[in-house]
2 protein chains.
Amino acid sequence: MATSGYRRAAEATARAVVVGIDAGGTRTRAAVARAAADGGPPLRTGVSGPGNALSVPFDVLTSHLRQAVAAATPPSLRPRVRAVAAGLAGCSALPGNAGAAHARSALRAALAELGIRPEVVAVSSDTEIALAGAPGSPGDGLVLIAGTGAVAARITGGITAATADGNGWLLGDSGSGFWLGREAVRSALASLDGRGAPTALTPAVLAHYLGETAAQDEPATPTAAQRMRDRLVQAVHERPVPDLAHLAPLVARTADNGDPVARRLLSDAAEHLVGTLDALQPRPGETLVTTGGLLGPGGALLGPLTRRLAPRDLRPVPMPDGLAGAVALARRALDGTGRPCGCSAD
Amino acid sequence: MATSGYRRAAEATARAVVVGIDAGGTRTRAAVARAAADGGPPLRTGVSGPGNALSVPFDVLTSHLRQAVAAATPPSLRPRVRAVAAGLAGCSALPGNAGAAHARSALRAALAELGIRPEVVAVSSDTEIALAGAPGSPGDGLVLIAGTGAVAARITGGITAATADGNGWLLGDSGSGFWLGREAVRSALASLDGRGAPTALTPAVLAHYLGETAAQDEPATPTAAQRMRDRLVQAVHERPVPDLAHLAPLVARTADNGDPVARRLLSDAAEHLVGTLDALQPRPGETLVTTGGLLGPGGALLGPLTRRLAPRDLRPVPMPDGLAGAVALARRALDGTGRPCGCSAD
């Protein structure tokens with residue numbers, strides 16, 4: 001009996017899985033993986049819409065968490081989920097942080113709807129899971145994220161010790177995808193009214209918002225240019241404000257084609273990100289994980305950032321997303337070797 | 001009978017009044033004045049809430065126009081109103097401009113609700129009425145407005161020939177009251193997370209949003225500073241976005257007290273406004289009317305702007321608002337010596 005019970009427990013452990021979640025301003029990703037510390041890469045992943053814990057309304061956040069987890073975790077695996085670890089943008093480790101409370105409730109609701117009843121549910125910030133995903137899964141280091149938004153964090157013992165920026169598109173996120181997109185539209189408007197230099201961003205931005213036809217003709221008169229500006233301003237305002245971040249790849253392409261205005265925007269964005277990082281007083285040789293659409297592998301700002309930091313012996317470790325870290329934290333939370341992560345563990 | 005009819009007509013003319021309206025991003029002003037070309041200053045004025053033709057919803061715009069006109073025009077005067085001229089921010093002279101159509105319908109509805117049935121109703125842009133209010137009521141010249149928003153216009157024969165900026169708080173209005181307010185909050189946040197220099201704007205902004213108590217203690221630890229940032233970001237987001245413009249006087253006061261960060265913001269704002277004006281290629285000696293909270297008489301940016309333009313023989317003529325110009329246009333529309341103004345006359 002004892003042997004049989006032991007064997008059953010061992011089998012149950014072998015069959016156990018964990019779920020890691022990475023939720024940012026543009027999308028929510030989930031991954032399911034074997035629970036064992038050496039359980040290998042994710043078995044399956046899922047993706048859904050925006051998951052910023054501060055800016056996404058509760059019902060939408062719950063729905064996006066549920067969709068991503070459902071896509072990653074087929075019904076047959078759901079009873080085997082023993083730990084869930086999520087890192088969300090807008091979720092800070094501070095007591096009383098509104099984003100963390102929001103995220104915890106939304107995640108609990110999403111899991112309950114899917115019939116997933118893990119023994120551990122841990123909610124962290126997107127920066128904490130990003131660091132945990134780096135090779136060696138370090139507990140100390142710096143994280144710089146530039147996707148829809150932009151934030152830097154210093155993490156000590158797995159917990160956020162300080163952050164810089166991450167203040168959202170209205171008041172901050174300098175150098176982010178939103179920032180690049182808004183500056184691209186501003187540059188187009190400035191070229192149309194004579195405040196700024198002509199730029200290939202203008203036809204590109206006009207094509208994005210008004211279609212290729214609108215972009216083909218250079219406005220011949222001040223009146224035609226003004227009508228074009230009016231139409232562009234109106235078209236931007238007809239979409240959700242954060243959608244301006246969708247223009248970031250267009251800025252990168254235009255810069256690649258040699259447009260000086262677009263190149264200047266990328267350079268200014270990289271400067272902003274260095275300034276954000278510098279607020280945390282990085283030390284030479286420190287671990288620095290970068291992620292988000294602009295700073296992950298192949299990200300448009302990874303090169304400019306790396307060039308600026310190299311003389312200071314800071315080498316970015318680009319990660320595609322925070323899923324690996326979220327899975328690592330879920331595994332650690334489960335086997336008891338890790339400490340409770342950032343915002344909460346319940 | 002002929003003599004008596006003539007006398008009655010003359011008496012009616014003497015008793016006739018006109019209404020001028022100046023509607024901007026922060027408030028709507030109306031004035032009632034005698035209709036005669038030499039009819040003197042307004043008899044009475046009224047004020048209400050925001051009147052930007054593009055950004056204020058139709059019902060609210062109608063209501064604000066009605067309130068301002070009602071306050072300026074007591075019921076006894078309403079049957080004697082023979083012309084109404086209004087200049088609205090967000091209203092451009094271009095055919096098909098959404099702001100102009102909006103403004104026209106809202107103004108008609110507001111007047112009908114008050115039982116005012118003028119022979120002429122003219123709708124212009126805020127820039128056109130501003131120029132018309134300058135001494136000599138010139139038809140040609142430049143107007144630079146910096147209040148909640150910021151826009152420059154070149155006016156030829158009373159009609160807008162070209163504009164620069166005026167693209168709204170999300171995409172433009174560089175150097176405006178909104179711009180100053182947003183930069184003040186950004187400077188406070190940057191000083192709290194170490195990206196920016198310490199500044200007296202920080203306690204001032206914190207006091208504005210969180211009360212004097214919150215502002216009194218310098219946060220002693222990074223965690224306290226981060227909690228303060230979270231609270232500030234949240235408090236800003238709990239108010240309507242354009243309310244950031246309410247911080248402009250605070251920036252001016254802080255600059256007056258010698259704070260270098262606030263002084264830099266005022267200087268940057270003035271540079272932006274010069275850039276906006278320069279897009280219209282001003283000529284030495286041209287008429288340049290300035291108005292709006294920041295560029296009217298005593299406005300915080302009037303000095304910095306005047307100093308920058310003096311070497312180019314451009315001397316701002318500051319006007320407190322566009323009411324004098326709106327009244328002048330209403331008088332002209334009525335007696336037939338003027339031309340139909342900007343957007344429409346119906």
# chains A, B, ... in the order shown; residues from 1 in each chain; ligands from 1
call {"tool": "interface_residues", "arguments": {"of": "chain A", "to": "chain B", "cutoff": "7 Å", "atoms": "only C-alpha atoms", "output": "NGL selection string"}}
result
:A and (162 or 164 or 167 or 171-172 or 182 or 186 or 193-195 or 222-223 or 233 or 275-276 or 279)
call {"tool": "write_last_selection", "arguments": {"atoms": "C-alpha atoms", "output": "compact mmCIF listing (two decimals), in the first residue's frame"}}
result
# COMPACT_ATOMS: atom_id res chain seq x y z
CA ALA A 162 12.48 50.43 -7.73
CA ALA A 164 11.31 54.24 -13.49
CA ASN A 167 3.57 56.07 -16.22
CA LEU A 171 2.17 61.04 -18.76
CA GLY A 172 5.10 58.87 -19.69
CA ARG A 182 2.42 59.47 -31.64
CA ARG A 186 3.14 64.55 -35.10
CA ASP A 193 1.72 72.48 -42.10
CA GLY A 194 5.34 73.54 -42.59
CA ARG A 195 6.53 73.29 -38.99
CA PRO A 222 -1.96 74.92 -48.34
CA THR A 223 -5.71 74.32 -48.37
CA VAL A 233 -6.38 64.16 -36.98
CA GLY A 275 17.43 57.84 -19.41
CA THR A 276 14.76 55.62 -17.86
CA ALA A 279 17.32 56.49 -13.13
call {"tool": "select_by_dssp", "arguments": {"residues": "stretch 126-331 of chain B", "states": "strand (DSSP E or B)", "output": "PDB file with all heavy atoms, in the first residue's frame"}}
result
ATOM      1  N   GLY B 141      -3.459  89.522 -41.675  1.00  0.00           N
ATOM      2  CA  GLY B 141      -2.473  89.448 -40.609  1.00  0.00           C
ATOM      3  C   GLY B 141      -2.363  88.052 -40.057  1.00  0.00           C
ATOM      4  O   GLY B 141      -2.929  87.094 -40.591  1.00  0.00           O
ATOM      5  N   LEU B 142      -1.624  87.962 -38.955  1.00  0.00           N
ATOM      6  CA  LEU B 142      -1.383  86.677 -38.306  1.00  0.00           C
ATOM      7  C   LEU B 142      -2.026  86.665 -36.935  1.00  0.00           C
ATOM      8  O   LEU B 142      -2.111  87.705 -36.271  1.00  0.00           O
ATOM      9  CB  LEU B 142       0.118  86.449 -38.146  1.00  0.00           C
ATOM     10  CG  LEU B 142       0.909  86.326 -39.447  1.00  0.00           C
ATOM     11  CD1 LEU B 142       2.384  86.590 -39.195  1.00  0.00           C
ATOM     12  CD2 LEU B 142       0.694  84.945 -40.056  1.00  0.00           C
ATOM     13  N   VAL B 143      -2.472  85.495 -36.525  1.00  0.00           N
ATOM     14  CA  VAL B 143      -3.025  85.321 -35.184  1.00  0.00           C
ATOM     15  C   VAL B 143      -2.330  84.130 -34.549  1.00  0.00           C
ATOM     16  O   VAL B 143      -2.137  83.096 -35.205  1.00  0.00           O
ATOM     17  CB  VAL B 143      -4.543  85.075 -35.242  1.00  0.00           C
ATOM     18  CG1 VAL B 143      -5.089  84.742 -33.855  1.00  0.00           C
ATOM     19  CG2 VAL B 143      -5.262  86.289 -35.816  1.00  0.00           C
ATOM     20  N   LEU B 144      -1.939  84.280 -33.304  1.00  0.00           N
ATOM     21  CA  LEU B 144      -1.350  83.176 -32.551  1.00  0.00           C
ATOM     22  C   LEU B 144      -2.119  83.051 -31.243  1.00  0.00           C
ATOM     23  O   LEU B 144      -2.169  84.007 -30.465  1.00  0.00           O
ATOM     24  CB  LEU B 144       0.136  83.446 -32.289  1.00  0.00           C
ATOM     25  CG  LEU B 144       0.920  82.369 -31.526  1.00  0.00           C
ATOM     26  CD1 LEU B 144       0.918  81.041 -32.270  1.00  0.00           C
ATOM     27  CD2 LEU B 144       2.361  82.839 -31.287  1.00  0.00           C
ATOM     28  N   ILE B 145      -2.746  81.921 -31.043  1.00  0.00           N
ATOM     29  CA  ILE B 145      -3.539  81.687 -29.832  1.00  0.00           C
ATOM     30  C   ILE B 145      -2.862  80.617 -28.993  1.00  0.00           C
ATOM     31  O   ILE B 145      -2.497  79.562 -29.506  1.00  0.00           O
ATOM     32  CB  ILE B 145      -4.973  81.231 -30.187  1.00  0.00           C
ATOM     33  CG1 ILE B 145      -5.669  82.287 -31.056  1.00  0.00           C
ATOM     34  CG2 ILE B 145      -5.783  80.960 -28.926  1.00  0.00           C
ATOM     35  CD1 ILE B 145      -7.113  81.946 -31.394  1.00  0.00           C
ATOM     36  N   ALA B 146      -2.688  80.891 -27.708  1.00  0.00           N
ATOM     37  CA  ALA B 146      -2.234  79.853 -26.780  1.00  0.00           C
ATOM     38  C   ALA B 146      -3.068  79.949 -25.513  1.00  0.00           C
ATOM     39  O   ALA B 146      -2.908  80.873 -24.717  1.00  0.00           O
ATOM     40  CB  ALA B 146      -0.745  79.998 -26.471  1.00  0.00           C
ATOM     41  N   ALA B 150      -3.262  75.419 -28.806  1.00  0.00           N
ATOM     42  CA  ALA B 150      -2.383  76.386 -29.463  1.00  0.00           C
ATOM     43  C   ALA B 150      -2.507  76.244 -30.973  1.00  0.00           C
ATOM     44  O   ALA B 150      -2.458  75.134 -31.508  1.00  0.00           O
ATOM     45  CB  ALA B 150      -0.930  76.194 -29.037  1.00  0.00           C
ATOM     46  N   VAL B 151      -2.664  77.392 -31.647  1.00  0.00           N
ATOM     47  CA  VAL B 151      -2.813  77.394 -33.101  1.00  0.00           C
ATOM     48  C   VAL B 151      -2.359  78.745 -33.634  1.00  0.00           C
ATOM     49  O   VAL B 151      -2.451  79.758 -32.936  1.00  0.00           O
ATOM     50  CB  VAL B 151      -4.295  77.125 -33.493  1.00  0.00           C
ATOM     51  CG1 VAL B 151      -5.210  78.244 -33.025  1.00  0.00           C
ATOM     52  CG2 VAL B 151      -4.451  76.901 -34.997  1.00  0.00           C
ATOM     53  N   ALA B 152      -1.833  78.742 -34.854  1.00  0.00           N
ATOM     54  CA  ALA B 152      -1.516  79.996 -35.535  1.00  0.00           C
ATOM     55  C   ALA B 152      -2.282  80.009 -36.855  1.00  0.00           C
ATOM     56  O   ALA B 152      -2.549  78.949 -37.432  1.00  0.00           O
ATOM     57  CB  ALA B 152      -0.020  80.115 -35.793  1.00  0.00           C
ATOM     58  N   ALA B 153      -2.642  81.216 -37.305  1.00  0.00           N
ATOM     59  CA  ALA B 153      -3.350  81.324 -38.580  1.00  0.00           C
ATOM     60  C   ALA B 153      -2.892  82.553 -39.334  1.00  0.00           C
ATOM     61  O   ALA B 153      -2.579  83.590 -38.732  1.00  0.00           O
ATOM     62  CB  ALA B 153      -4.867  81.397 -38.341  1.00  0.00           C
ATOM     63  N   ARG B 154      -2.817  82.415 -40.652  1.00  0.00           N
ATOM     64  CA  ARG B 154      -2.636  83.571 -41.518  1.00  0.00           C
ATOM     65  C   ARG B 154      -3.992  83.888 -42.127  1.00  0.00           C
ATOM     66  O   ARG B 154      -4.646  83.013 -42.706  1.00  0.00           O
ATOM     67  CB  ARG B 154      -1.623  83.281 -42.623  1.00  0.00           C
ATOM     68  CG  ARG B 154      -1.564  84.362 -43.688  1.00  0.00           C
ATOM     69  CD  ARG B 154      -0.467  84.138 -44.697  1.00  0.00           C
ATOM     70  NE  ARG B 154       0.859  84.287 -44.126  1.00  0.00           N
ATOM     71  CZ  ARG B 154       1.397  85.460 -43.757  1.00  0.00           C
ATOM     72  NH1 ARG B 154       0.703  86.589 -43.908  1.00  0.00           N
ATOM     73  NH2 ARG B 154       2.590  85.511 -43.247  1.00  0.00           N
ATOM     74  N   ILE B 155      -4.407  85.159 -41.979  1.00  0.00           N
ATOM     75  CA  ILE B 155      -5.733  85.565 -42.417  1.00  0.00           C
ATOM     76  C   ILE B 155      -5.584  86.591 -43.534  1.00  0.00           C
ATOM     77  O   ILE B 155      -4.797  87.535 -43.413  1.00  0.00           O
ATOM     78  CB  ILE B 155      -6.530  86.140 -41.219  1.00  0.00           C
ATOM     79  CG1 ILE B 155      -6.416  85.129 -40.087  1.00  0.00           C
ATOM     80  CG2 ILE B 155      -7.948  86.510 -41.612  1.00  0.00           C
ATOM     81  CD1 ILE B 155      -7.535  84.880 -39.238  1.00  0.00           C
ATOM     82  N   THR B 156      -6.309  86.371 -44.606  1.00  0.00           N
ATOM     83  CA  THR B 156      -6.228  87.257 -45.767  1.00  0.00           C
ATOM     84  C   THR B 156      -7.654  87.656 -46.156  1.00  0.00           C
ATOM     85  O   THR B 156      -8.486  86.778 -46.400  1.00  0.00           O
ATOM     86  CB  THR B 156      -5.547  86.524 -46.952  1.00  0.00           C
ATOM     87  OG1 THR B 156      -4.302  85.972 -46.498  1.00  0.00           O
ATOM     88  CG2 THR B 156      -5.282  87.472 -48.099  1.00  0.00           C
ATOM     89  N   ILE B 159     -10.415  85.989 -44.148  1.00  0.00           N
ATOM     90  CA  ILE B 159     -10.581  84.532 -44.255  1.00  0.00           C
ATOM     91  C   ILE B 159      -9.248  83.835 -43.982  1.00  0.00           C
ATOM     92  O   ILE B 159      -8.193  84.309 -44.412  1.00  0.00           O
ATOM     93  CB  ILE B 159     -11.044  84.146 -45.681  1.00  0.00           C
ATOM     94  CG1 ILE B 159     -12.285  84.946 -46.091  1.00  0.00           C
ATOM     95  CG2 ILE B 159     -11.299  82.654 -45.790  1.00  0.00           C
ATOM     96  CD1 ILE B 159     -13.568  84.488 -45.469  1.00  0.00           C
ATOM     97  N   THR B 160      -9.310  82.709 -43.300  1.00  0.00           N
ATOM     98  CA  THR B 160      -8.105  81.937 -43.014  1.00  0.00           C
ATOM     99  C   THR B 160      -7.479  81.422 -44.306  1.00  0.00           C
ATOM    100  O   THR B 160      -8.139  80.728 -45.085  1.00  0.00           O
ATOM    101  CB  THR B 160      -8.454  80.738 -42.113  1.00  0.00           C
ATOM    102  OG1 THR B 160      -9.037  81.241 -40.910  1.00  0.00           O
ATOM    103  CG2 THR B 160      -7.219  79.929 -41.781  1.00  0.00           C
ATOM    104  N   ALA B 161      -6.226  81.759 -44.524  1.00  0.00           N
ATOM    105  CA  ALA B 161      -5.513  81.258 -45.710  1.00  0.00           C
ATOM    106  C   ALA B 161      -4.674  80.033 -45.364  1.00  0.00           C
ATOM    107  O   ALA B 161      -4.485  79.152 -46.196  1.00  0.00           O
ATOM    108  CB  ALA B 161      -4.616  82.355 -46.283  1.00  0.00           C
ATOM    109  N   ALA B 162      -4.176  79.969 -44.139  1.00  0.00           N
ATOM    110  CA  ALA B 162      -3.376  78.804 -43.710  1.00  0.00           C
ATOM    111  C   ALA B 162      -3.339  78.776 -42.190  1.00  0.00           C
ATOM    112  O   ALA B 162      -3.451  79.815 -41.534  1.00  0.00           O
ATOM    113  CB  ALA B 162      -1.954  78.904 -44.263  1.00  0.00           C
ATOM    114  N   THR B 163      -3.187  77.588 -41.640  1.00  0.00           N
ATOM    115  CA  THR B 163      -3.004  77.466 -40.193  1.00  0.00           C
ATOM    116  C   THR B 163      -1.814  76.559 -39.921  1.00  0.00           C
ATOM    117  O   THR B 163      -1.354  75.830 -40.800  1.00  0.00           O
ATOM    118  CB  THR B 163      -4.240  76.859 -39.480  1.00  0.00           C
ATOM    119  OG1 THR B 163      -4.355  75.484 -39.843  1.00  0.00           O
ATOM    120  CG2 THR B 163      -5.509  77.600 -39.846  1.00  0.00           C
ATOM    121  N   ALA B 164      -1.336  76.621 -38.687  1.00  0.00           N
ATOM    122  CA  ALA B 164      -0.288  75.696 -38.245  1.00  0.00           C
ATOM    123  C   ALA B 164      -0.661  75.195 -36.854  1.00  0.00           C
ATOM    124  O   ALA B 164      -1.205  75.943 -36.042  1.00  0.00           O
ATOM    125  CB  ALA B 164       1.075  76.381 -38.230  1.00  0.00           C
ATOM    126  N   ASP B 165      -0.366  73.924 -36.604  1.00  0.00           N
ATOM    127  CA  ASP B 165      -0.728  73.216 -35.371  1.00  0.00           C
ATOM    128  C   ASP B 165      -2.245  73.348 -35.133  1.00  0.00           C
ATOM    129  O   ASP B 165      -3.011  73.271 -36.092  1.00  0.00           O
ATOM    130  CB  ASP B 165       0.108  73.681 -34.183  1.00  0.00           C
ATOM    131  CG  ASP B 165       0.154  72.616 -33.066  1.00  0.00           C
ATOM    132  OD1 ASP B 165      -0.557  71.596 -33.169  1.00  0.00           O
ATOM    133  OD2 ASP B 165       0.899  72.803 -32.089  1.00  0.00           O
ATOM    134  N   LEU B 288       0.280  91.070 -35.902  1.00  0.00           N
ATOM    135  CA  LEU B 288       0.268  89.776 -35.218  1.00  0.00           C
ATOM    136  C   LEU B 288      -0.568  89.920 -33.954  1.00  0.00           C
ATOM    137  O   LEU B 288      -0.129  90.539 -32.979  1.00  0.00           O
ATOM    138  CB  LEU B 288       1.696  89.329 -34.860  1.00  0.00           C
ATOM    139  CG  LEU B 288       1.793  88.151 -33.877  1.00  0.00           C
ATOM    140  CD1 LEU B 288       1.147  86.896 -34.453  1.00  0.00           C
ATOM    141  CD2 LEU B 288       3.247  87.894 -33.492  1.00  0.00           C
ATOM    142  N   VAL B 289      -1.769  89.386 -33.982  1.00  0.00           N
ATOM    143  CA  VAL B 289      -2.621  89.391 -32.798  1.00  0.00           C
ATOM    144  C   VAL B 289      -2.341  88.131 -31.999  1.00  0.00           C
ATOM    145  O   VAL B 289      -2.276  87.032 -32.570  1.00  0.00           O
ATOM    146  CB  VAL B 289      -4.110  89.457 -33.201  1.00  0.00           C
ATOM    147  CG1 VAL B 289      -5.009  89.214 -31.991  1.00  0.00           C
ATOM    148  CG2 VAL B 289      -4.428  90.812 -33.825  1.00  0.00           C
ATOM    149  N   THR B 290      -2.140  88.276 -30.689  1.00  0.00           N
ATOM    150  CA  THR B 290      -1.989  87.100 -29.823  1.00  0.00           C
ATOM    151  C   THR B 290      -3.113  87.112 -28.797  1.00  0.00           C
ATOM    152  O   THR B 290      -3.541  88.172 -28.335  1.00  0.00           O
ATOM    153  CB  THR B 290      -0.635  87.101 -29.087  1.00  0.00           C
ATOM    154  OG1 THR B 290      -0.568  88.244 -28.229  1.00  0.00           O
ATOM    155  CG2 THR B 290       0.524  87.123 -30.065  1.00  0.00           C
ATOM    156  N   THR B 291      -3.603  85.939 -28.464  1.00  0.00           N
ATOM    157  CA  THR B 291      -4.655  85.876 -27.459  1.00  0.00           C
ATOM    158  C   THR B 291      -4.680  84.480 -26.838  1.00  0.00           C
ATOM    159  O   THR B 291      -3.832  83.632 -27.134  1.00  0.00           O
ATOM    160  CB  THR B 291      -6.028  86.281 -28.055  1.00  0.00           C
ATOM    161  OG1 THR B 291      -6.990  86.387 -27.005  1.00  0.00           O
ATOM    162  CG2 THR B 291      -6.507  85.282 -29.087  1.00  0.00           C
ATOM    163  N   PRO B 316       3.762  91.505 -31.044  1.00  0.00           N
ATOM    164  CA  PRO B 316       2.436  90.979 -30.726  1.00  0.00           C
ATOM    165  C   PRO B 316       1.479  92.082 -30.269  1.00  0.00           C
ATOM    166  O   PRO B 316       1.870  92.983 -29.532  1.00  0.00           O
ATOM    167  CB  PRO B 316       2.703  90.006 -29.576  1.00  0.00           C
ATOM    168  CG  PRO B 316       4.140  89.638 -29.700  1.00  0.00           C
ATOM    169  CD  PRO B 316       4.823  90.852 -30.258  1.00  0.00           C
ATOM    170  N   VAL B 317       0.229  92.018 -30.731  1.00  0.00           N
ATOM    171  CA  VAL B 317      -0.858  92.848 -30.214  1.00  0.00           C
ATOM    172  C   VAL B 317      -1.721  91.930 -29.359  1.00  0.00           C
ATOM    173  O   VAL B 317      -2.528  91.164 -29.890  1.00  0.00           O
ATOM    174  CB  VAL B 317      -1.710  93.429 -31.367  1.00  0.00           C
ATOM    175  CG1 VAL B 317      -2.842  94.291 -30.812  1.00  0.00           C
ATOM    176  CG2 VAL B 317      -0.841  94.212 -32.340  1.00  0.00           C
ATOM    177  N   PRO B 318      -1.525  91.943 -28.021  1.00  0.00           N
ATOM    178  CA  PRO B 318      -2.281  90.994 -27.190  1.00  0.00           C
ATOM    179  C   PRO B 318      -3.730  91.431 -26.995  1.00  0.00           C
ATOM    180  O   PRO B 318      -3.999  92.599 -26.705  1.00  0.00           O
ATOM    181  CB  PRO B 318      -1.509  91.011 -25.868  1.00  0.00           C
ATOM    182  CG  PRO B 318      -0.850  92.348 -25.822  1.00  0.00           C
ATOM    183  CD  PRO B 318      -0.607  92.783 -27.242  1.00  0.00           C
TER     184      PRO B 318
END
call {"tool": "select_by_dssp", "arguments": {"residues": "stretch 8-230 of chain A", "states": "helix (DSSP H, G or I)", "output": "NGL selection string"}}
result
:A and (8-15 or 58-72 or 78-80 or 98-113 or 126-132 or 168-171 or 177-193 or 201-210 or 212-216 or 222-230)
call {"tool": "residues_around", "arguments": {"residues": "B:Ala85", "least_positions_apart": "5", "cutoff": "12 Å", "atoms": "only C-alpha atoms", "output": "PyMOL selection string"}}
result
chain B and resi 17-23+29-33+35+65+69+103-104+107-108+111+118-126+128-129+132+322-334+340-346
call {"tool": "atom_distance", "arguments": {"atom1": "atom CA of B:Met319", "atom2": "atom CA of B:Pro282"}}
result
18.9 Å
call {"tool": "residues_around", "arguments": {"residues": "A:Val47", "least_positions_apart": "2", "cutoff": "8 Å", "atoms": "only C-alpha atoms", "output": "list in words"}}
result
Arg27, Thr28, Arg29, Ala30, Thr45, Gly49, Gln67, Ala68, Val69, Ala71 and Ala72 of chain A
call {"tool": "write_last_selection", "arguments": {"atoms": "C-alpha atoms", "output": "PDB file, in the first residue's frame"}}
result
ATOM      1  CA  ARG A  27      -1.552  41.115 -25.675  1.00  0.00           C
ATOM      2  CA  THR A  28      -1.812  38.421 -23.053  1.00  0.00           C
ATOM      3  CA  ARG A  29       0.195  35.221 -23.493  1.00  0.00           C
ATOM      4  CA  ALA A  30      -0.135  31.980 -21.570  1.00  0.00           C
ATOM      5  CA  THR A  45       0.884  28.473 -25.667  1.00  0.00           C
ATOM      6  CA  GLY A  49      -5.825  40.791 -26.179  1.00  0.00           C
ATOM      7  CA  GLN A  67      -8.937  33.249 -23.415  1.00  0.00           C
ATOM      8  CA  ALA A  68      -5.151  32.995 -23.286  1.00  0.00           C
ATOM      9  CA  VAL A  69      -5.164  30.286 -20.595  1.00  0.00           C
ATOM     10  CA  ALA A  71      -5.994  28.416 -25.655  1.00  0.00           C
ATOM     11  CA  ALA A  72      -2.828  27.172 -23.936  1.00  0.00           C
TER      12      ALA A  72
END
call {"tool": "residues_around", "arguments": {"residues": "B:Pro260", "least_positions_apart": "5", "cutoff": "9 Å", "atoms": "only C-alpha atoms", "output": "PDB file with all heavy atoms, in the first residue's frame"}}
result
ATOM      1  N   THR B 199      12.562  69.548  -8.577  1.00  0.00           N
ATOM      2  CA  THR B 199      11.927  70.795  -8.996  1.00  0.00           C
ATOM      3  C   THR B 199      10.795  71.153  -8.044  1.00  0.00           C
ATOM      4  O   THR B 199      10.126  70.260  -7.505  1.00  0.00           O
ATOM      5  CB  THR B 199      11.372  70.682 -10.441  1.00  0.00           C
ATOM      6  OG1 THR B 199      10.433  71.747 -10.667  1.00  0.00           O
ATOM      7  CG2 THR B 199      10.653  69.364 -10.676  1.00  0.00           C
ATOM      8  N   ALA B 200      10.602  72.448  -7.872  1.00  0.00           N
ATOM      9  CA  ALA B 200       9.493  72.920  -7.042  1.00  0.00           C
ATOM     10  C   ALA B 200       8.153  72.590  -7.688  1.00  0.00           C
ATOM     11  O   ALA B 200       7.098  72.744  -7.058  1.00  0.00           O
ATOM     12  CB  ALA B 200       9.617  74.428  -6.809  1.00  0.00           C
ATOM     13  N   THR B 254       5.518  78.960 -10.470  1.00  0.00           N
ATOM     14  CA  THR B 254       6.746  78.273 -10.054  1.00  0.00           C
ATOM     15  C   THR B 254       7.955  78.843 -10.790  1.00  0.00           C
ATOM     16  O   THR B 254       9.044  78.971 -10.221  1.00  0.00           O
ATOM     17  CB  THR B 254       6.605  76.756 -10.311  1.00  0.00           C
ATOM     18  OG1 THR B 254       5.364  76.308  -9.735  1.00  0.00           O
ATOM     19  CG2 THR B 254       7.737  75.974  -9.678  1.00  0.00           C
ATOM     20  N   ALA B 255       7.759  79.208 -12.062  1.00  0.00           N
ATOM     21  CA  ALA B 255       8.848  79.840 -12.822  1.00  0.00           C
ATOM     22  C   ALA B 255       9.169  81.214 -12.244  1.00  0.00           C
ATOM     23  O   ALA B 255      10.337  81.579 -12.092  1.00  0.00           O
ATOM     24  CB  ALA B 255       8.471  79.950 -14.297  1.00  0.00           C
ATOM     25  N   LEU B 265      10.374  75.013 -18.935  1.00  0.00           N
ATOM     26  CA  LEU B 265       9.119  74.645 -19.597  1.00  0.00           C
ATOM     27  C   LEU B 265       8.505  75.863 -20.295  1.00  0.00           C
ATOM     28  O   LEU B 265       8.038  75.775 -21.438  1.00  0.00           O
ATOM     29  CB  LEU B 265       8.115  74.061 -18.598  1.00  0.00           C
ATOM     30  CG  LEU B 265       8.433  72.678 -18.034  1.00  0.00           C
ATOM     31  CD1 LEU B 265       7.270  72.170 -17.188  1.00  0.00           C
ATOM     32  CD2 LEU B 265       8.734  71.677 -19.145  1.00  0.00           C
TER      33      LEU B 265
END
call {"tool": "residues_around", "arguments": {"residues": "A:Ala245", "least_positions_apart": "2", "cutoff": "6 Å", "atoms": "only C-alpha atoms", "output": "count of residues only"}}
result
8
call {"tool": "atom_distance", "arguments": {"atom1": "atom CA of A:Ala53", "atom2": "atom CA of A:Leu295"}}
result
21.2 Å
call {"tool": "residues_around", "arguments": {"residues": "B:Glu212", "least_positions_apart": "6", "cutoff": "9 Å", "atoms": "only C-alpha atoms", "output": "VMD selection string"}}
result
chain B and resid 203 to 204 206
call {"tool": "atom_distance", "arguments": {"atom1": "atom CA of B:Gly25", "atom2": "atom CA of A:Leu210"}}
result
27.0 Å
